[in-house]
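Note: the block below is final_3.cif and it holds mmCIF, C-alpha atoms.
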```
data_structure
#
loop_
_atom_site.label_atom_id
_atom_site.label_comp_id
_atom_site.auth_asym_id
_atom_site.auth_seq_id
_atom_site.Cartn_x
_atom_site.Cartn_y
_atom_site.Cartn_z
CA MET R 1 135.78 -208.73 -68.47
CA ARG R 2 135.73 -207.33 -72.02
CA ILE R 3 132.91 -208.54 -74.21
CA ASN R 4 133.62 -208.49 -77.93
CA SER R 5 130.75 -210.52 -79.26
CA TYR R 6 127.49 -208.76 -80.04
CA ASN R 7 124.17 -210.40 -79.81
CA GLU R 8 121.36 -209.65 -82.23
CA GLU R 9 120.06 -206.72 -80.24
CA GLU R 10 123.48 -205.17 -80.08
CA GLU R 11 124.04 -205.39 -83.83
CA LYS R 12 121.89 -202.38 -84.63
CA PHE R 13 124.11 -200.36 -82.32
CA SER R 14 127.37 -201.85 -83.65
CA LYS R 15 128.82 -198.49 -84.78
CA LEU R 16 127.92 -196.84 -81.51
CA LEU R 17 129.30 -199.72 -79.47
CA ASN R 18 132.55 -199.65 -81.44
CA ASP R 19 132.91 -195.95 -80.79
CA LEU R 20 132.17 -196.38 -77.11
CA LYS R 21 134.85 -199.05 -76.84
CA GLN R 22 137.35 -196.86 -78.64
CA LEU R 23 136.89 -194.01 -76.20
CA PRO R 24 140.25 -193.27 -74.57
CA GLN R 25 140.72 -194.80 -71.14
CA ILE R 26 140.98 -192.20 -68.44
CA LYS R 27 143.77 -192.98 -66.02
CA ALA R 28 144.39 -191.87 -62.48
CA GLU R 29 147.08 -189.31 -61.77
CA GLU R 30 150.54 -190.56 -60.95
CA ASN R 31 150.38 -189.30 -57.38
CA PHE R 32 146.94 -190.84 -56.83
CA GLU R 33 148.16 -193.54 -54.46
CA TYR R 34 150.52 -191.18 -52.67
CA ASN R 35 147.72 -188.71 -52.02
CA LEU R 36 145.42 -191.49 -50.93
CA MET R 37 147.89 -192.93 -48.44
CA ILE R 38 148.58 -189.47 -47.02
CA ARG R 39 144.87 -188.94 -46.53
CA ILE R 40 144.61 -192.29 -44.77
CA GLN R 41 147.64 -191.63 -42.57
CA ASN R 42 146.34 -188.18 -41.63
CA LYS R 43 142.87 -189.63 -41.17
CA ASN R 44 141.60 -186.97 -43.52
CA PHE R 45 138.36 -188.70 -44.36
CA GLY R 46 136.24 -185.62 -44.86
CA ASN R 47 132.54 -186.34 -44.42
CA LEU R 48 132.88 -189.99 -45.39
CA MET R 49 132.73 -190.98 -41.73
CA GLU R 50 129.41 -189.16 -41.34
CA ASP R 51 127.48 -191.39 -43.70
CA SER R 52 126.17 -193.61 -40.96
CA GLU R 53 125.16 -190.49 -39.03
CA SER R 54 123.30 -189.10 -42.02
CA GLN R 55 121.02 -192.16 -41.95
CA PHE R 56 120.34 -191.39 -38.33
CA ASN R 57 119.44 -187.88 -39.37
CA ILE R 58 116.57 -189.31 -41.37
CA ILE R 59 115.27 -190.88 -38.18
CA LYS R 60 115.82 -187.58 -36.41
CA PHE R 61 113.75 -185.91 -39.08
CA ALA R 62 111.07 -188.61 -39.09
CA ILE R 63 110.32 -188.46 -35.35
CA PRO R 64 109.42 -184.76 -35.14
CA SER R 65 107.45 -184.93 -38.37
CA ALA R 66 105.46 -187.88 -36.98
CA ILE R 67 104.75 -185.94 -33.79
CA ILE R 68 103.60 -182.92 -35.78
CA ALA R 69 101.34 -185.14 -37.89
CA ILE R 70 99.77 -186.62 -34.76
CA ILE R 71 99.15 -183.17 -33.32
CA ILE R 72 97.51 -182.02 -36.55
CA LEU R 73 95.29 -185.11 -36.61
CA PHE R 74 94.41 -184.52 -32.98
CA ILE R 75 93.42 -180.92 -33.71
CA ILE R 76 91.33 -181.94 -36.71
CA PHE R 77 89.47 -184.90 -35.29
CA ILE R 78 89.06 -184.13 -31.61
CA PRO R 79 86.10 -181.77 -31.09
CA ARG R 80 86.85 -178.54 -29.31
CA GLU R 81 85.43 -177.91 -25.88
CA ASP R 82 83.21 -175.07 -27.01
CA GLU R 83 81.61 -177.43 -29.49
CA TYR R 84 80.83 -179.91 -26.75
CA ILE R 85 77.17 -180.04 -25.86
CA GLU R 86 76.75 -180.54 -22.18
CA ASN R 87 74.68 -183.54 -21.36
CA PRO R 88 72.22 -182.63 -18.61
CA LEU R 89 71.92 -186.25 -17.57
CA MET R 90 75.63 -186.51 -16.97
CA THR R 91 75.89 -183.43 -14.80
CA ASP R 92 75.35 -183.68 -11.10
CA PRO R 93 72.07 -182.26 -9.94
CA PRO R 94 72.34 -178.98 -8.06
CA LYS R 95 72.68 -179.48 -4.33
CA ILE R 96 70.25 -177.60 -2.27
CA MET R 97 71.27 -176.38 1.12
CA GLU R 98 68.46 -176.50 3.52
CA ASN R 99 68.54 -175.68 7.14
CA ASN R 100 65.48 -177.56 8.10
CA LEU R 101 63.83 -180.42 6.44
CA SER R 102 60.19 -179.92 6.05
CA ASN R 103 57.85 -182.73 6.86
CA LYS R 104 56.66 -182.79 3.31
CA SER R 105 60.06 -183.33 1.81
CA GLN R 106 60.73 -186.04 4.36
CA ALA R 107 57.51 -187.71 3.40
CA ASN R 108 58.36 -187.53 -0.29
CA LEU R 109 61.77 -189.01 0.25
CA LYS R 110 60.66 -191.73 2.60
CA GLY R 111 61.68 -195.15 1.33
CA GLY R 112 63.71 -193.63 -1.55
CA GLU R 113 67.43 -193.87 -1.87
CA LEU R 114 67.65 -190.12 -2.09
CA LEU R 115 66.69 -189.87 1.57
CA PRO R 116 69.26 -187.52 3.00
CA THR R 117 71.27 -188.87 5.82
CA LYS R 118 71.69 -186.67 8.76
CA PRO R 119 75.30 -186.38 9.69
CA THR R 120 76.01 -188.36 12.77
CA LYS R 121 77.99 -187.00 15.62
CA LYS R 122 80.99 -189.02 14.54
CA GLN R 123 80.85 -187.64 11.01
CA THR R 124 80.62 -184.09 12.17
CA ALA R 125 83.52 -184.68 14.43
CA LYS R 126 85.59 -186.09 11.61
CA ASN R 127 84.54 -183.53 9.05
CA PRO R 128 84.30 -180.08 10.47
CA SER R 129 82.95 -178.72 7.21
CA ILE R 130 79.62 -180.40 7.90
CA ILE R 131 77.58 -178.14 10.07
CA SER R 132 75.23 -179.97 12.37
CA LYS R 133 72.02 -178.37 11.18
CA GLU R 134 72.90 -178.07 7.53
CA VAL R 135 72.13 -181.18 5.59
CA LEU R 136 72.74 -181.74 1.92
CA ILE R 137 69.69 -183.14 0.27
CA GLU R 138 69.13 -184.36 -3.20
CA PRO R 139 66.30 -182.68 -5.08
CA THR R 140 62.95 -184.31 -4.69
CA PRO R 141 61.98 -186.37 -7.68
CA LYS R 142 59.62 -184.48 -9.85
CA TYR R 143 57.00 -186.50 -11.60
CA PRO R 144 55.45 -185.04 -14.71
CA LEU R 145 52.06 -185.06 -13.10
CA ASN R 146 49.86 -182.19 -12.19
CA LYS R 147 48.78 -182.59 -8.56
CA ASN R 148 45.57 -180.88 -9.32
CA ARG R 149 44.77 -183.43 -11.91
CA SER R 150 46.01 -186.58 -10.17
CA VAL R 151 45.58 -188.42 -6.90
CA SER R 152 48.50 -189.88 -4.94
CA LEU R 153 47.07 -193.11 -3.70
CA ASP R 154 49.74 -193.72 -1.06
CA ASP R 155 49.30 -190.27 0.38
CA TYR R 156 45.57 -190.60 0.23
CA ILE R 157 45.51 -193.95 2.07
CA SER R 158 48.03 -192.88 4.68
CA GLY R 159 46.12 -189.67 5.19
CA GLU R 160 49.16 -187.53 4.51
CA ALA R 161 47.70 -186.11 1.37
CA PRO R 162 47.24 -182.39 1.44
CA LYS R 163 43.73 -181.37 1.95
CA SER R 164 42.22 -180.59 -1.35
CA ASN R 165 38.97 -179.39 -2.44
CA ASN R 166 36.48 -182.25 -2.41
CA LEU R 167 34.75 -180.77 -5.35
CA GLU R 168 37.92 -180.70 -7.29
CA ARG R 169 38.78 -184.26 -6.33
CA GLY R 170 35.29 -185.35 -7.22
CA ASN R 171 35.60 -183.63 -10.51
CA ILE R 172 38.71 -185.58 -11.22
CA VAL R 173 37.11 -188.89 -10.32
CA LYS R 174 33.83 -188.14 -11.99
CA GLY R 175 35.42 -186.55 -14.94
CA GLY R 176 32.67 -183.99 -15.23
CA GLU R 177 30.94 -183.16 -18.38
CA GLU R 178 33.89 -181.57 -20.09
CA GLU R 179 36.87 -183.36 -21.44
CA PHE R 180 39.51 -183.35 -18.74
CA ASP R 181 43.23 -184.09 -18.51
CA PHE R 182 43.87 -186.88 -16.09
CA ASP R 183 47.46 -187.94 -15.78
CA GLY R 184 46.71 -191.10 -13.91
CA PHE R 185 47.32 -192.42 -10.45
CA LEU R 186 50.61 -191.52 -8.88
CA LEU R 187 52.49 -194.46 -7.42
CA PRO R 188 55.73 -193.14 -5.99
CA GLN R 189 58.35 -195.83 -6.36
CA PRO R 190 61.91 -195.93 -5.15
CA ILE R 191 64.36 -194.89 -7.85
CA ASP R 192 66.30 -197.76 -9.33
CA TYR R 193 69.75 -196.23 -9.62
CA TYR R 194 71.12 -199.08 -11.65
CA SER R 195 68.57 -198.70 -14.43
CA LEU R 196 68.80 -194.90 -14.19
CA GLN R 197 72.55 -195.10 -14.78
CA LYS R 198 71.98 -197.50 -17.62
CA TYR R 199 69.55 -195.15 -19.36
CA ARG R 200 71.84 -192.23 -18.69
CA ARG R 201 74.66 -194.04 -20.41
CA MET R 202 72.45 -194.96 -23.35
CA ILE R 203 71.22 -191.40 -23.80
CA ASP R 204 74.73 -190.09 -23.37
CA SER R 205 76.14 -192.35 -26.04
CA ILE R 206 73.37 -191.33 -28.44
CA ARG R 207 74.08 -187.65 -27.75
CA LYS R 208 77.77 -188.16 -28.28
CA VAL R 209 77.17 -189.80 -31.64
CA GLU R 210 74.85 -186.97 -32.61
CA ALA R 211 77.40 -184.38 -31.52
CA LYS R 212 80.11 -186.11 -33.51
CA ARG R 213 77.86 -186.30 -36.54
CA ASP R 214 77.08 -182.60 -36.27
CA SER R 215 80.75 -181.71 -35.93
CA LEU R 216 81.58 -183.82 -38.99
CA LYS R 217 78.79 -182.08 -40.90
CA LYS R 218 80.29 -178.74 -39.93
CA PHE R 219 83.74 -179.94 -40.95
CA ARG R 220 82.47 -180.98 -44.36
CA MET H 1 160.31 -209.34 -52.14
CA PRO H 2 158.69 -212.78 -52.25
CA HIS H 3 155.90 -211.79 -49.85
CA ASN H 4 154.78 -208.90 -52.04
CA GLN H 5 155.03 -211.09 -55.14
CA ASN H 6 152.76 -213.59 -53.51
CA LEU H 7 150.21 -210.92 -52.75
CA THR H 8 150.10 -209.67 -56.35
CA GLU H 9 149.29 -213.18 -57.47
CA LEU H 10 146.24 -213.32 -55.24
CA SER H 11 142.76 -212.70 -56.57
CA ASP H 12 140.76 -209.62 -55.55
CA GLU H 13 138.67 -211.62 -53.13
CA GLU H 14 141.73 -213.22 -51.53
CA LEU H 15 143.37 -209.83 -51.15
CA ILE H 16 140.44 -208.21 -49.43
CA LYS H 17 140.11 -211.24 -47.16
CA LYS H 18 143.74 -210.80 -46.20
CA PHE H 19 143.16 -207.11 -45.63
CA GLN H 20 140.13 -207.85 -43.48
CA GLU H 21 141.93 -210.47 -41.41
CA THR H 22 145.39 -208.99 -41.00
CA ASN H 23 144.73 -205.32 -41.76
CA GLU H 24 147.70 -205.54 -44.11
CA LEU H 25 148.02 -202.27 -46.03
CA GLU H 26 149.89 -203.93 -48.89
CA ALA H 27 146.83 -205.92 -49.82
CA PHE H 28 144.83 -202.71 -49.83
CA GLU H 29 147.42 -200.95 -51.98
CA ILE H 30 147.42 -203.73 -54.54
CA LEU H 31 143.65 -203.53 -54.84
CA VAL H 32 143.87 -199.75 -55.20
CA ARG H 33 146.40 -200.18 -57.98
CA ARG H 34 144.18 -202.66 -59.77
CA TYR H 35 141.03 -200.61 -59.64
CA LYS H 36 142.06 -196.95 -59.69
CA ASP H 37 142.12 -196.72 -63.51
CA PRO H 38 138.91 -198.64 -64.30
CA LEU H 39 137.11 -196.61 -61.64
CA MET H 40 138.55 -193.33 -62.95
CA ASN H 41 137.31 -194.20 -66.42
CA PHE H 42 133.87 -195.20 -65.15
CA VAL H 43 133.41 -192.12 -62.96
CA TYR H 44 134.77 -189.74 -65.58
CA ARG H 45 132.36 -191.04 -68.23
CA PHE H 46 129.54 -190.74 -65.72
CA ILE H 47 130.35 -187.29 -64.30
CA GLY H 48 132.28 -185.73 -67.17
CA ASP H 49 134.61 -183.78 -64.89
CA ARG H 50 138.18 -184.89 -64.41
CA ASP H 51 138.92 -183.12 -61.11
CA VAL H 52 135.74 -184.21 -59.44
CA CYS H 53 136.28 -187.69 -60.79
CA THR H 54 139.68 -187.96 -59.04
CA ASP H 55 138.09 -186.91 -55.74
CA ILE H 56 135.31 -189.45 -56.13
CA VAL H 57 137.72 -192.30 -56.82
CA GLN H 58 139.84 -191.23 -53.82
CA ASP H 59 136.70 -191.22 -51.69
CA THR H 60 135.80 -194.65 -53.05
CA MET H 61 139.15 -196.03 -51.92
CA ILE H 62 138.78 -194.41 -48.50
CA LYS H 63 135.32 -195.87 -48.12
CA PHE H 64 136.76 -199.25 -49.06
CA TYR H 65 139.48 -198.75 -46.43
CA LEU H 66 137.03 -197.68 -43.73
CA ASN H 67 134.30 -200.21 -44.49
CA LYS H 68 136.38 -203.19 -45.47
CA ASP H 69 134.47 -205.38 -43.01
CA SER H 70 131.17 -204.71 -44.70
CA TYR H 71 132.37 -206.63 -47.75
CA ARG H 72 131.00 -210.17 -47.78
CA GLU H 73 132.78 -213.05 -49.42
CA PHE H 74 129.85 -214.18 -51.58
CA ALA H 75 130.02 -210.98 -53.66
CA LYS H 76 132.67 -210.17 -56.23
CA PHE H 77 135.07 -207.48 -55.09
CA SER H 78 134.77 -205.69 -58.44
CA THR H 79 130.98 -205.32 -58.13
CA TRP H 80 131.34 -204.14 -54.53
CA ILE H 81 133.86 -201.41 -55.37
CA TYR H 82 131.92 -200.35 -58.48
CA THR H 83 128.81 -200.02 -56.31
CA ILE H 84 130.64 -197.69 -53.91
CA ALA H 85 132.01 -195.58 -56.76
CA GLY H 86 128.64 -195.48 -58.51
CA ASN H 87 126.86 -194.34 -55.37
CA LEU H 88 129.38 -191.58 -54.74
CA ALA H 89 129.14 -190.46 -58.37
CA LYS H 90 125.34 -190.36 -58.17
CA ASN H 91 125.55 -188.35 -54.95
CA GLU H 92 127.79 -185.86 -56.71
CA LEU H 93 125.29 -185.54 -59.55
CA LYS H 94 122.48 -184.90 -57.05
CA ARG H 95 124.57 -182.28 -55.28
CA ARG H 96 125.21 -180.53 -58.62
CA LYS H 97 121.53 -180.64 -59.49
CA ARG H 98 120.63 -179.09 -56.13
CA ARG H 99 123.28 -176.43 -56.61
CA ASN H 100 121.89 -175.58 -60.04
CA ILE H 101 118.35 -175.31 -58.63
CA LEU H 102 119.49 -173.05 -55.80
CA SER H 103 121.71 -170.98 -58.11
CA ILE H 104 120.42 -167.40 -58.56
CA SER H 105 121.85 -167.02 -62.06
CA PRO H 106 119.59 -168.45 -64.77
CA SER H 107 122.29 -170.68 -66.23
CA SER H 108 125.62 -171.76 -64.83
CA GLU H 109 128.94 -171.52 -66.62
CA ASP H 110 128.95 -175.23 -67.35
CA GLU H 111 125.60 -175.06 -69.06
CA LYS H 112 126.71 -172.16 -71.20
CA GLN H 113 129.78 -174.10 -72.26
CA ILE H 114 127.76 -177.16 -73.15
CA GLN H 115 125.30 -175.09 -75.13
CA LEU H 116 128.09 -173.49 -77.13
CA GLU H 117 129.73 -176.79 -77.85
CA ASP H 118 126.46 -178.39 -78.81
CA LYS H 119 126.83 -176.66 -82.15
CA SER H 120 129.38 -179.29 -83.05
CA PHE H 121 126.54 -181.81 -83.09
CA VAL H 122 125.32 -180.39 -86.39
CA ALA H 123 128.73 -180.26 -87.97
CA PRO H 124 129.53 -183.81 -89.14
CA ASP H 125 132.70 -182.73 -90.95
CA ARG H 126 134.23 -181.85 -87.63
CA ALA H 127 133.26 -185.24 -86.29
CA ALA H 128 135.84 -186.83 -88.54
CA ASP H 129 138.49 -185.90 -86.12
CA SER H 130 138.59 -188.68 -83.57
CA ASN H 131 139.26 -186.41 -80.63
CA ILE H 132 136.28 -184.26 -81.45
CA LYS H 133 134.26 -187.39 -81.99
CA HIS H 134 135.19 -188.61 -78.54
CA ASP H 135 134.18 -185.27 -77.10
CA ILE H 136 130.87 -185.43 -78.90
CA ILE H 137 130.22 -188.95 -77.62
CA GLN H 138 131.09 -187.91 -74.09
CA LYS H 139 128.71 -184.95 -74.31
CA ALA H 140 126.00 -187.17 -75.72
CA LEU H 141 126.57 -189.56 -72.82
CA MET H 142 126.09 -186.67 -70.43
CA LYS H 143 122.79 -185.86 -72.07
CA ILE H 144 121.11 -189.19 -71.44
CA LYS H 145 119.45 -190.04 -68.15
CA PRO H 146 121.90 -191.05 -65.40
CA VAL H 147 120.18 -194.43 -64.89
CA TYR H 148 120.72 -195.30 -68.56
CA ARG H 149 124.14 -193.68 -68.66
CA GLU H 150 125.47 -195.75 -65.79
CA MET H 151 124.36 -198.99 -67.41
CA VAL H 152 125.69 -198.09 -70.86
CA ILE H 153 129.06 -197.13 -69.40
CA LEU H 154 129.32 -200.29 -67.33
CA ARG H 155 128.35 -202.49 -70.24
CA ASP H 156 129.77 -200.85 -73.35
CA ILE H 157 132.77 -198.95 -71.97
CA GLN H 158 133.79 -200.94 -68.91
CA GLY H 159 132.74 -204.23 -70.48
CA LEU H 160 130.98 -205.77 -67.49
CA SER H 161 128.45 -208.56 -67.88
CA TYR H 162 124.72 -208.01 -67.46
CA GLU H 163 124.79 -210.04 -64.25
CA GLU H 164 127.57 -207.92 -62.77
CA ILE H 165 125.70 -204.73 -63.69
CA ALA H 166 122.54 -206.07 -62.08
CA GLU H 167 124.53 -206.74 -58.91
CA ILE H 168 126.17 -203.31 -58.93
CA THR H 169 123.00 -201.35 -59.60
CA LYS H 170 120.79 -203.62 -57.47
CA VAL H 171 118.17 -204.06 -60.17
CA SER H 172 116.91 -207.13 -62.01
CA LEU H 173 118.57 -208.52 -65.10
CA GLY H 174 115.56 -207.58 -67.24
CA THR H 175 115.70 -203.99 -66.03
CA VAL H 176 119.42 -203.85 -66.82
CA LYS H 177 118.84 -205.06 -70.37
CA SER H 178 115.95 -202.69 -71.03
CA ARG H 179 117.80 -199.72 -69.57
CA ILE H 180 120.89 -200.47 -71.62
CA ASN H 181 118.74 -200.72 -74.73
CA ARG H 182 117.00 -197.42 -74.00
CA GLY H 183 120.33 -195.74 -73.22
CA ARG H 184 121.83 -196.91 -76.48
CA THR H 185 118.76 -195.79 -78.44
CA GLN H 186 118.90 -192.33 -76.88
CA LEU H 187 122.62 -192.13 -77.50
CA GLN H 188 122.23 -193.18 -81.12
CA LYS H 189 119.55 -190.54 -81.60
CA LEU H 190 121.81 -187.86 -80.17
CA LEU H 191 124.66 -188.99 -82.40
CA LYS H 192 122.61 -189.43 -85.59
CA HIS H 193 124.71 -186.74 -87.33
CA ILE H 194 127.74 -188.98 -87.02
CA TYR H 195 126.09 -192.28 -87.92
CA ASN H 196 123.95 -191.00 -90.79
CA GLU H 197 127.02 -189.92 -92.73
#
```
Let's see the structure in the file written out as structure tokens.
Amino acid sequence: MRINSYNEEEEKFSKLLNDLKQLPQIKAEENFEYNLMIRIQNKNFGNLMEDSESQFNIIKFAIPSAIIAIIILFIIFIPREDEYIENPLMTDPPKIMENNLSNKSQANLKGGELLPTKPTKKQTAKNPSIISKEVLIEPTPKYPLNKNRSVSLDDYISGEAPKSNNLERGNIVKGGEEEFDFDGFLLPQPIDYYSLQKYRRMIDSIRKVEAKRDSLKKFR
Amino acid sequence: MPHNQNLTELSDEELIKKFQETNELEAFEILVRRYKDPLMNFVYRFIGDRDVCTDIVQDTMIKFYLNKDSYREFAKFSTWIYTIAGNLAKNELKRRKRRNILSISPSSEDEKQIQLEDKSFVAPDRAADSNIKHDIIQKALMKIKPVYREMVILRDIQGLSYEEIAEITKVSLGTVKSRINRGRTQLQKLLKHIYNE
């Protein structure tokens, strides 16, 4: 295994290399083998057996550190609940307890899906929490129209329209001399729940994005 | 003892194969006998401490005994055992480094000793004495980076080929050559008082 020939690169270090080669050889103690065999016979291996376990320790260390990192990321990037802006479209509308349904509310809800269902005898029997006279009704849809400044055609034709001042009504139709606010004719239509849900979802997603953007702005 | 005679005639690779297959301790002992001195020399030059060096070589042999099955035939036995010894020696150096960092005292005893003896570097007349010269070279070796030191020792003291060193240290041939060159340059710089005379 000894190499005595020097290549060109090694020539500039020739003195050093000679000295390195002339360094005295260190030899093992005479009882080296004896001590070694005793150690083997006594199975005195010290921590040499634990080497494979030490590699496992790295894994042991890596797992908790990964979990901690995930928790930190979760804390940083997930918005806190107090920062969450409640979406009014996503919340359930308040349920109104009414003992008696007025004729007016019945008329407003006629044909709509929000028409409250009176609990049948079977239902009340099954569910004792439903009291016979108490009926849960959804809130009546509120149109952004001023009744004083609009005419419900359906109600007018059917004759269910509340009696209003003819002068007032005439004023609406005629318009009068002054500039007036006329919201238009009211055509109550049944609510399309499918499209309502769709728009809710759209608005909700926009709000979520805005909320996220705001939280990121705060974070920056 | 014809059986034992036969075993001594076997190559390193044949001996470890026999040890792997038959668990014959004699094969192990022969390999220990063959490699204890070269490994002692290598580890001593790398660590610079005789007592620790004996422990490391003992540990190397025990690791060889315990992990004999991890040796694969395609590798040379010498490179395999040098790798084990080198790794243990490097671990010892790391342990020492950690101990020095954690030490409360500003400088350990060893450091003080080295600093005192460093004065001999600037006294070339003393370097004439071969023993002192050897000491100076050993101390200079200890001053260069361990990655360079290991390569210089394996090449210029142990006399291994570049290919063997690449296999032992698990680096490319080019890296071995450049590291050896850098190690020698550093060493020559440290020993300029001797070579300028």
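Omitting region 80-97 of chain H and its sequence neighbours fewer than 2 positions away, and counting all atoms listed in the file, the residues within 6 Å are Thr60, Phe77, Ser78, Arg99, Asn100 and Ile168 of chain H.
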- Task: Evaluate the PyMOL selection byres ((chain H) within 9 of (chain R)) on the structure here and hand back the selected residues as a ChimeraX atom specification.
- Result: /H:29,32-33,36-42,44-45,50,54,57-59,61-63,65-66,133-134,137-138,153,155-161,181,184-185,187-188,191,195
- Message: Set the distance at 10 Å and use all atoms listed in the file: which residues neighbour Pro146 (chain H) once local chain neighbours fewer than 4 positions away are removed? I'd like the list as JSON, numbers by chain.
- Response: {"H": [46, 47, 90, 93, 141, 142, 150, 151, 152, 183]}
